[in-house]
$ cat work_15.csv   # CSV, C-alpha atoms
chain,number,residue,atom,x,y,z
U,1,MET,CA,103.9,115.2,104.9
U,2,MET,CA,105.6,112.2,103.4
U,3,TRP,CA,107.6,111.4,106.5
U,4,ARG,CA,104.5,111.8,108.7
U,5,SER,CA,102.7,109.2,106.5
U,6,ILE,CA,105.7,106.8,106.8
U,7,ILE,CA,105.9,107.2,110.5
U,8,GLN,CA,102.2,106.6,110.8
U,9,ARG,CA,102.4,103.4,108.8
U,10,ILE,CA,105.3,102.1,110.9
U,11,ILE,CA,103.5,102.8,114.2
U,12,TYR,CA,100.3,101.1,113.0
U,13,LEU,CA,102.2,98.0,111.7
U,14,SER,CA,104.4,97.8,114.9
U,15,LEU,CA,101.3,97.8,117.1
U,16,THR,CA,99.1,95.6,114.9
U,17,GLY,CA,101.4,92.8,113.9
U,18,PRO,CA,103.0,91.9,117.3
U,19,GLY,CA,99.7,92.6,119.0
U,20,ILE,CA,97.8,90.0,116.9
U,21,VAL,CA,100.6,87.4,117.2
U,22,GLY,CA,101.0,88.0,120.9
U,23,ASN,CA,97.2,87.6,121.6
U,24,ILE,CA,97.0,84.5,119.4
U,25,LEU,CA,99.9,83.0,121.3
U,26,VAL,CA,98.3,83.7,124.7
U,27,PHE,CA,95.0,82.4,123.4
U,28,VAL,CA,96.5,79.1,122.1
U,29,ILE,CA,98.6,78.5,125.3
U,30,HIS,CA,95.7,78.9,127.6
U,31,VAL,CA,93.2,77.0,125.4
U,32,TYR,CA,95.8,74.1,125.5
U,33,THR,CA,96.1,74.4,129.3
U,34,PHE,CA,92.4,74.6,129.7
U,35,VAL,CA,91.6,71.6,127.5
U,36,THR,CA,94.5,69.3,128.6
U,37,GLY,CA,94.9,70.4,132.2
U,38,ALA,CA,93.9,68.2,135.1
U,39,GLU,CA,91.3,70.8,136.2
U,40,ARG,CA,89.7,73.5,134.1
U,41,LYS,CA,90.7,76.7,136.0
U,42,PRO,CA,88.5,79.8,135.7
U,43,ILE,CA,91.6,82.0,135.4
U,44,ASP,CA,92.5,80.3,132.1
U,45,LEU,CA,89.0,81.0,130.6
U,46,ILE,CA,89.3,84.7,131.7
U,47,ILE,CA,92.7,85.1,130.0
U,48,ILE,CA,91.4,83.2,126.9
U,49,HIS,CA,88.6,85.7,126.6
U,50,LEU,CA,90.8,88.7,127.2
U,51,ALA,CA,93.2,87.6,124.5
U,52,PHE,CA,90.3,86.9,122.1
U,53,SER,CA,88.8,90.3,122.8
U,54,ASN,CA,92.1,92.1,122.3
U,55,ALA,CA,92.7,90.2,119.0
U,56,ILE,CA,89.3,91.3,117.7
U,57,LEU,CA,90.0,94.9,118.8
U,58,ILE,CA,93.3,94.9,117.0
U,59,CYS,CA,92.0,93.3,113.8
U,60,SER,CA,88.9,95.5,113.6
U,61,THR,CA,90.8,98.7,114.4
U,62,GLY,CA,94.3,98.2,113.2
U,63,ILE,CA,93.6,96.6,109.8
U,64,ARG,CA,91.1,99.3,109.0
U,65,HIS,CA,93.5,102.1,109.7
U,66,ILE,CA,96.4,100.4,108.1
U,67,ALA,CA,94.3,100.1,104.9
U,68,THR,CA,93.6,103.8,105.1
U,69,ALA,CA,97.3,104.7,105.9
U,70,PHE,CA,98.4,102.8,102.8
U,71,SER,CA,95.7,104.6,100.7
U,72,PHE,CA,93.5,101.5,100.2
U,73,ARG,CA,90.4,103.7,99.9
U,74,ASN,CA,86.9,102.1,99.7
U,75,PHE,CA,88.7,98.9,100.8
U,76,ILE,CA,85.8,97.5,102.9
U,77,GLY,CA,82.7,99.4,101.7
U,78,ASN,CA,79.7,100.6,103.8
U,79,THR,CA,78.9,97.1,105.3
U,80,GLY,CA,82.5,96.6,106.2
U,81,CYS,CA,82.7,100.0,107.9
U,82,LYS,CA,79.6,99.2,110.0
U,83,THR,CA,80.9,95.7,110.9
U,84,LEU,CA,84.5,96.6,111.8
U,85,ILE,CA,83.7,99.7,113.9
U,86,TYR,CA,80.9,97.9,115.7
U,87,LEU,CA,83.2,94.9,116.4
U,88,GLY,CA,85.9,97.3,117.6
U,89,ARG,CA,83.6,99.1,120.0
U,90,VAL,CA,82.2,95.8,121.3
U,91,ALA,CA,85.7,94.4,121.7
U,92,ARG,CA,86.9,97.5,123.5
U,93,GLY,CA,84.0,97.1,126.0
U,94,LEU,CA,84.8,93.4,126.4
U,95,SER,CA,88.4,94.2,127.1
U,96,ILE,CA,87.4,96.6,129.8
U,97,CYS,CA,85.0,94.1,131.4
U,98,THR,CA,87.3,91.1,131.2
U,99,THR,CA,90.3,93.1,132.5
U,100,CYS,CA,88.2,94.1,135.5
U,101,LEU,CA,87.1,90.4,136.0
U,102,LEU,CA,90.7,89.3,135.9
U,103,SER,CA,91.7,91.9,138.5
U,104,THR,CA,88.8,91.2,140.8
U,105,PHE,CA,89.4,87.4,140.5
U,106,GLN,CA,93.0,87.8,141.5
U,107,ALA,CA,92.2,90.1,144.4
U,108,ILE,CA,89.7,87.6,145.7
U,109,THR,CA,92.1,84.7,145.2
U,110,ILE,CA,94.7,86.2,147.5
U,111,SER,CA,92.2,87.3,150.1
U,112,PRO,CA,91.8,85.3,153.4
U,113,ARG,CA,89.4,82.5,153.2
U,114,THR,CA,87.3,84.0,156.0
U,115,THR,CA,86.4,87.1,154.1
U,116,LEU,CA,82.8,87.5,152.8
U,117,TRP,CA,83.8,88.4,149.2
U,118,ARG,CA,85.7,85.1,148.9
U,119,LYS,CA,82.3,83.5,148.3
U,120,LEU,CA,82.0,85.6,145.2
U,121,LYS,CA,84.9,83.9,143.5
U,122,PRO,CA,83.9,81.8,140.5
U,123,GLN,CA,84.7,78.2,141.4
U,124,THR,CA,84.2,76.7,138.0
U,125,ALA,CA,84.7,77.7,134.4
U,126,TRP,CA,80.9,77.5,133.8
U,127,GLN,CA,80.4,80.3,136.4
U,128,VAL,CA,83.0,82.5,134.5
U,129,LEU,CA,81.2,81.7,131.2
U,130,THR,CA,78.0,83.3,132.7
U,131,TYR,CA,79.9,86.5,133.3
U,132,LEU,CA,81.3,86.5,129.8
U,133,LEU,CA,77.9,86.0,128.2
U,134,LEU,CA,76.6,89.0,130.2
U,135,PHE,CA,79.5,91.1,129.0
U,136,TRP,CA,78.8,90.2,125.4
U,137,THR,CA,75.1,90.9,125.7
U,138,PHE,CA,75.6,94.3,127.4
U,139,ASN,CA,78.4,95.6,125.2
U,140,SER,CA,76.6,94.5,122.0
U,141,LEU,CA,73.5,96.5,123.0
U,142,ILE,CA,75.2,99.7,124.0
U,143,SER,CA,77.1,99.7,120.7
U,144,CYS,CA,74.2,99.0,118.4
U,145,ASN,CA,73.8,102.7,117.4
U,146,LEU,CA,76.9,102.4,115.3
U,147,LEU,CA,75.2,100.0,112.9
U,148,HIS,CA,72.8,102.8,112.0
U,149,TYR,CA,75.1,105.9,112.0
U,150,ILE,CA,78.3,104.5,110.6
U,151,THR,CA,78.8,104.8,106.8
U,152,ALA,CA,81.6,104.7,104.3
U,153,VAL,CA,83.1,108.0,103.0
U,154,ASN,CA,82.5,108.3,99.2
U,155,ASN,CA,84.5,111.6,98.7
U,156,MET,CA,88.0,110.5,97.7
U,157,ASN,CA,89.3,114.0,98.2
U,158,ARG,CA,88.2,114.2,101.8
U,159,SER,CA,91.2,114.2,104.3
U,160,GLU,CA,89.8,111.6,106.8
U,161,VAL,CA,91.9,109.4,109.0
U,162,SER,CA,89.6,106.6,108.1
U,163,HIS,CA,87.2,106.2,105.2
U,164,CYS,CA,84.5,105.3,107.7
U,165,TYR,CA,82.4,108.2,109.0
U,166,MET,CA,79.8,108.6,111.7
U,167,LEU,CA,76.7,110.5,110.6
U,168,PRO,CA,75.4,113.1,113.0
U,169,SER,CA,72.7,111.8,115.3
U,170,ARG,CA,70.0,113.3,117.5
U,171,GLN,CA,71.5,114.8,120.6
U,172,ILE,CA,69.3,112.6,122.9
U,173,VAL,CA,70.5,109.4,121.1
U,174,ARG,CA,74.2,110.5,121.3
U,175,TRP,CA,74.0,111.3,125.0
U,176,LEU,CA,72.1,108.2,125.8
U,177,PHE,CA,74.7,105.9,124.4
U,178,LEU,CA,77.5,108.0,125.8
U,179,SER,CA,75.9,107.9,129.2
U,180,LEU,CA,75.6,104.1,129.1
U,181,MET,CA,79.2,103.7,128.1
U,182,THR,CA,80.2,106.1,130.9
U,183,LEU,CA,78.2,104.2,133.5
U,184,ARG,CA,79.8,100.9,132.3
U,185,ASP,CA,83.3,102.4,132.5
U,186,VAL,CA,82.7,104.0,135.9
U,187,PHE,CA,81.3,100.7,137.4
U,188,PHE,CA,84.1,98.5,136.1
U,189,GLN,CA,86.8,101.1,136.9
U,190,SER,CA,85.6,101.3,140.5
U,191,LEU,CA,85.9,97.5,140.8
U,192,MET,CA,89.3,97.7,139.2
U,193,GLY,CA,90.3,100.4,141.6
U,194,TRP,CA,89.2,98.4,144.6
U,195,SER,CA,90.9,95.2,143.5
U,196,SER,CA,94.1,97.0,142.5
U,197,GLY,CA,94.3,98.8,145.8
U,198,TYR,CA,93.7,95.6,147.7
U,199,MET,CA,96.4,93.8,145.7
U,200,ALA,CA,98.9,96.6,146.2
U,201,PHE,CA,98.2,96.6,149.9
U,202,TYR,CA,98.7,92.8,150.0
U,203,LEU,CA,102.0,93.0,148.2
U,204,TYR,CA,103.1,95.7,150.6
U,205,LYS,CA,102.4,93.5,153.6
U,206,HIS,CA,104.1,90.6,151.9
U,207,HIS,CA,107.2,92.7,151.3
U,208,LYS,CA,107.3,93.8,154.9
U,209,ARG,CA,107.0,90.2,156.0
U,210,VAL,CA,109.9,89.1,153.7
U,211,LEU,CA,112.1,91.9,155.1
U,212,TYR,CA,111.2,90.9,158.6
U,213,LEU,CA,112.1,87.3,158.1
U,214,HIS,CA,115.3,88.1,156.3
U,215,SER,CA,114.8,85.1,154.1
U,216,SER,CA,116.6,85.4,150.8
U,217,ARG,CA,115.0,82.2,149.5
U,218,LEU,CA,111.5,83.6,150.2
U,219,ALA,CA,112.4,86.9,148.6
U,220,ASN,CA,113.8,85.3,145.4
U,221,HIS,CA,111.2,82.5,145.0
U,222,SER,CA,107.9,84.0,145.9
U,223,SER,CA,104.7,82.0,145.5
U,224,PRO,CA,102.8,81.8,142.2
U,225,GLU,CA,100.0,83.9,143.8
U,226,ILE,CA,102.4,86.8,144.5
U,227,ARG,CA,103.9,86.7,141.0
U,228,ALA,CA,100.4,86.5,139.4
U,229,THR,CA,99.2,89.4,141.6
U,230,LEU,CA,102.2,91.5,140.6
U,231,SER,CA,101.7,90.9,136.9
U,232,THR,CA,98.0,91.7,137.3
U,233,LEU,CA,98.9,95.0,138.9
U,234,ILE,CA,101.2,95.8,136.0
U,235,LEU,CA,98.4,95.0,133.6
U,236,MET,CA,96.1,97.3,135.5
U,237,ALA,CA,98.6,100.1,135.4
U,238,CYS,CA,99.0,99.7,131.6
U,239,PHE,CA,95.3,99.6,131.2
U,240,LEU,CA,94.6,102.7,133.3
U,241,ILE,CA,97.2,104.8,131.4
U,242,PHE,CA,95.9,103.9,128.0
U,243,TYR,CA,92.2,103.9,129.0
U,244,TRP,CA,92.0,107.3,130.7
U,245,ALA,CA,93.8,109.0,127.8
U,246,ASP,CA,91.5,107.3,125.3
U,247,PHE,CA,88.4,107.9,127.4
U,248,ILE,CA,89.0,111.7,127.6
U,249,LEU,CA,89.6,111.9,123.8
U,250,SER,CA,86.6,109.6,123.0
U,251,PHE,CA,84.3,111.7,125.2
U,252,TYR,CA,85.5,114.9,123.6
U,253,THR,CA,85.1,113.7,120.0
U,254,GLY,CA,81.8,111.9,120.8
U,255,SER,CA,80.2,115.0,122.4
U,256,THR,CA,81.5,117.5,119.8
U,257,ILE,CA,81.6,115.3,116.7
U,258,THR,CA,85.1,116.4,116.1
U,259,ASN,CA,87.1,114.6,113.3
U,260,ASP,CA,90.5,116.2,113.8
U,261,SER,CA,93.1,113.9,112.2
U,262,ASN,CA,95.7,114.4,115.0
U,263,ILE,CA,93.3,113.5,117.7
U,264,MET,CA,92.1,110.5,115.8
U,265,ASN,CA,95.6,109.2,115.2
U,266,ILE,CA,96.4,109.5,119.0
U,267,LYS,CA,93.2,107.6,119.8
U,268,ILE,CA,94.1,104.8,117.4
U,269,VAL,CA,97.5,104.4,119.1
U,270,LEU,CA,95.9,104.4,122.6
U,271,VAL,CA,93.3,101.8,121.6
U,272,LEU,CA,95.9,99.5,120.0
U,273,GLY,CA,98.5,100.2,122.8
U,274,TYR,CA,96.9,98.2,125.6
U,275,ALA,CA,95.6,95.4,123.4
U,276,SER,CA,99.1,95.0,122.0
U,277,LEU,CA,101.0,95.3,125.3
U,278,SER,CA,98.8,93.1,127.5
U,279,PRO,CA,99.8,89.7,125.9
U,280,LEU,CA,103.4,90.6,126.6
U,281,VAL,CA,102.6,91.0,130.3
U,282,LEU,CA,100.6,87.7,130.3
U,283,ILE,CA,103.4,85.8,128.5
U,284,ILE,CA,105.9,87.0,131.1
U,285,ARG,CA,103.4,86.0,133.8
U,286,ASP,CA,103.1,82.5,132.3
U,287,SER,CA,106.9,82.1,132.0
U,288,HIS,CA,107.3,83.0,135.7
U,289,ALA,CA,104.7,80.4,136.6
U,290,ALA,CA,106.5,77.8,134.5
U,291,LYS,CA,109.8,78.5,136.1
U,292,TYR,CA,108.3,78.2,139.6
U,293,SER,CA,106.8,74.8,138.6
U,294,ASP,CA,110.1,73.6,137.3
U,295,PHE,CA,111.9,74.8,140.4
U,296,HIS,CA,109.6,72.8,142.6

$ encode --input "work_15.csv" --output "structure tokens"
Amino acid sequence: MMWRSIIQRIIYLSLTGPGIVGNILVFVIHVYTFVTGAERKPIDLIIIHLAFSNAILICSTGIRHIATAFSFRNFIGNTGCKTLIYLGRVARGLSICTTCLLSTFQAITISPRTTLWRKLKPQTAWQVLTYLLLFWTFNSLISCNLLHYITAVNNMNRSEVSHCYMLPSRQIVRWLFLSLMTLRDVFFQSLMGWSSGYMAFYLYKHHKRVLYLHSSRLANHSSPEIRATLSTLILMACFLIFYWADFILSFYTGSTITNDSNIMNIKIVLVLGYASLSPLVLIIRDSHAAKYSDFH
């Protein structure tokens, strides 16, 4: 039991610490680029918001569970439980929506100028800001039930993964909010599926063209759009792996009100996994873009 607790603490710390630092680094880099750049690119604002959402998700989820893992019981109290879990749920939704926006934006960017959906591409940062405000409004509303049903656990002998607990709610309320979350996820997952499939097909055509031309220079120094598309696809793959595993467990625990410690620990790792890994992919993406700029 002691080794299990130690391993749990190491995993939480290894995901939370680098995840917070990585997202802050991505946030600062793109804020600096957005503010000082010759033009304010919509892609910078999207990545800024994704890093900000992931940072909130890690802070609200990781710190709460680290406090529990190190036996800091009653560390945040009833109000703290409501606030952190609510922010974590909202940030998770924002991460899903923003990742979808990034994927769709990149797919439209590489599409031919004659296609109809090219007109849907945000041309300015202000247009992106409208989408982000809608994301905040929608995710805040479909998570508001947590403010009523979340409470702090007062029983110190209770073997909970977290000292925050969700009170049983009426079945109609539970299924209403689960349905809204499911509809949100299905909609944005569908957009992500379309954009990821399109980008994969575009990269396949590009690879065939490179092989046909037998140009080593073209193969080694592909355009920034190709590199950005590839990194976005990697980000989508990471997202899908962590998301679907977490979604299945969340739907199961939400519909059955199960509080099994093993399931909850796995869910925590899955939630923190994507938020901690995504800044690494984005930093590699930025480094490739910088190298390309230096090369030219």

$ atom_distance --input "work_15.csv" --atom1 "CA of Gln123 in chain U" --atom2 "CA of Phe187 in chain U"
23.1 Å

$ closest_residue --input "work_15.csv" --among "U:Ala200, U:Cys97, U:Ile283, U:Val128" --to "Val186 in chain U" --atoms "only C-alpha atoms"
U:Cys97

$ residues_around --input "work_15.csv" --residues "Tyr198 in chain U" --least-positions-apart "5" --cutoff "12 Å" --atoms "only C-alpha atoms" --output "count of residues only"
20

$ closest_residue --input "work_15.csv" --among "U:Ile234, U:Leu134, U:Leu129, U:Leu45" --to "Leu282 in chain U" --atoms "all atoms listed in the file"
U:Ile234

$ residues_around --input "work_15.csv" --residues "range 261-277 of chain U" --least-positions-apart "4" --cutoff "8 Å" --atoms "only C-alpha atoms" --output "list of chain:residue names"
U:Ile11, U:Tyr12, U:Leu15, U:Thr16, U:Pro18, U:Gly19, U:Ile20, U:Gly22, U:Asn23, U:Asn54, U:Ala55, U:Leu57, U:Ile58, U:Thr61, U:Gly62, U:Arg92, U:Glu160, U:Val161, U:Cys238, U:Phe239, U:Phe242, U:Tyr243, U:Ala245, U:Asp246, U:Leu249, U:Ser250, U:Val281

$ closest_residue --input "work_15.csv" --among "U:Val28, U:Cys59, U:Leu133, U:Ile66" --to "Ile7 in chain U" --atoms "all atoms listed in the file"
U:Ile66

$ residues_around --input "work_15.csv" --residues "Cys164 in chain U" --least-positions-apart "5" --cutoff "6 Å" --atoms "only C-alpha atoms" --output "JSON, numbers by chain"
{"U": [81, 151, 152, 153]}

$ atom_distance --input "work_15.csv" --atom1 "CA of Phe34 in chain U" --atom2 "CA of Met199 in chain U"
25.3 Å

$ closest_residue --input "work_15.csv" --among "U:Leu13, U:Leu146, U:Leu183, U:Leu50" --to "Ser169 in chain U" --atoms "all atoms listed in the file"
U:Leu146

$ closest_residue --input "work_15.csv" --among "U:Ile47, U:Leu235, U:Ala125, U:Tyr202" --to "Leu25 in chain U" --atoms "all atoms listed in the file"
U:Ile47

$ closest_residue --input "work_15.csv" --among "U:His148, U:Ile46, U:Val35, U:Val26" --to "Gln127 in chain U" --atoms "only C-alpha atoms"
U:Ile46

$ residues_around --input "work_15.csv" --residues "Ala91 in chain U" --least-positions-apart "2" --cutoff "7 Å" --atoms "all atoms listed in the file" --output "CSV table (one decimal) with C-alpha atoms, in the frame of the given file"
chain,number,residue,atom,x,y,z
U,53,SER,CA,88.8,90.3,122.8
U,54,ASN,CA,92.1,92.1,122.3
U,56,ILE,CA,89.3,91.3,117.7
U,57,LEU,CA,90.0,94.9,118.8
U,87,LEU,CA,83.2,94.9,116.4
U,88,GLY,CA,85.9,97.3,117.6
U,89,ARG,CA,83.6,99.1,120.0
U,93,GLY,CA,84.0,97.1,126.0
U,94,LEU,CA,84.8,93.4,126.4
U,95,SER,CA,88.4,94.2,127.1

$ atom_distance --input "work_15.csv" --atom1 "CA of Ala237 in chain U" --atom2 "CA of Tyr32 in chain U"
28.0 Å
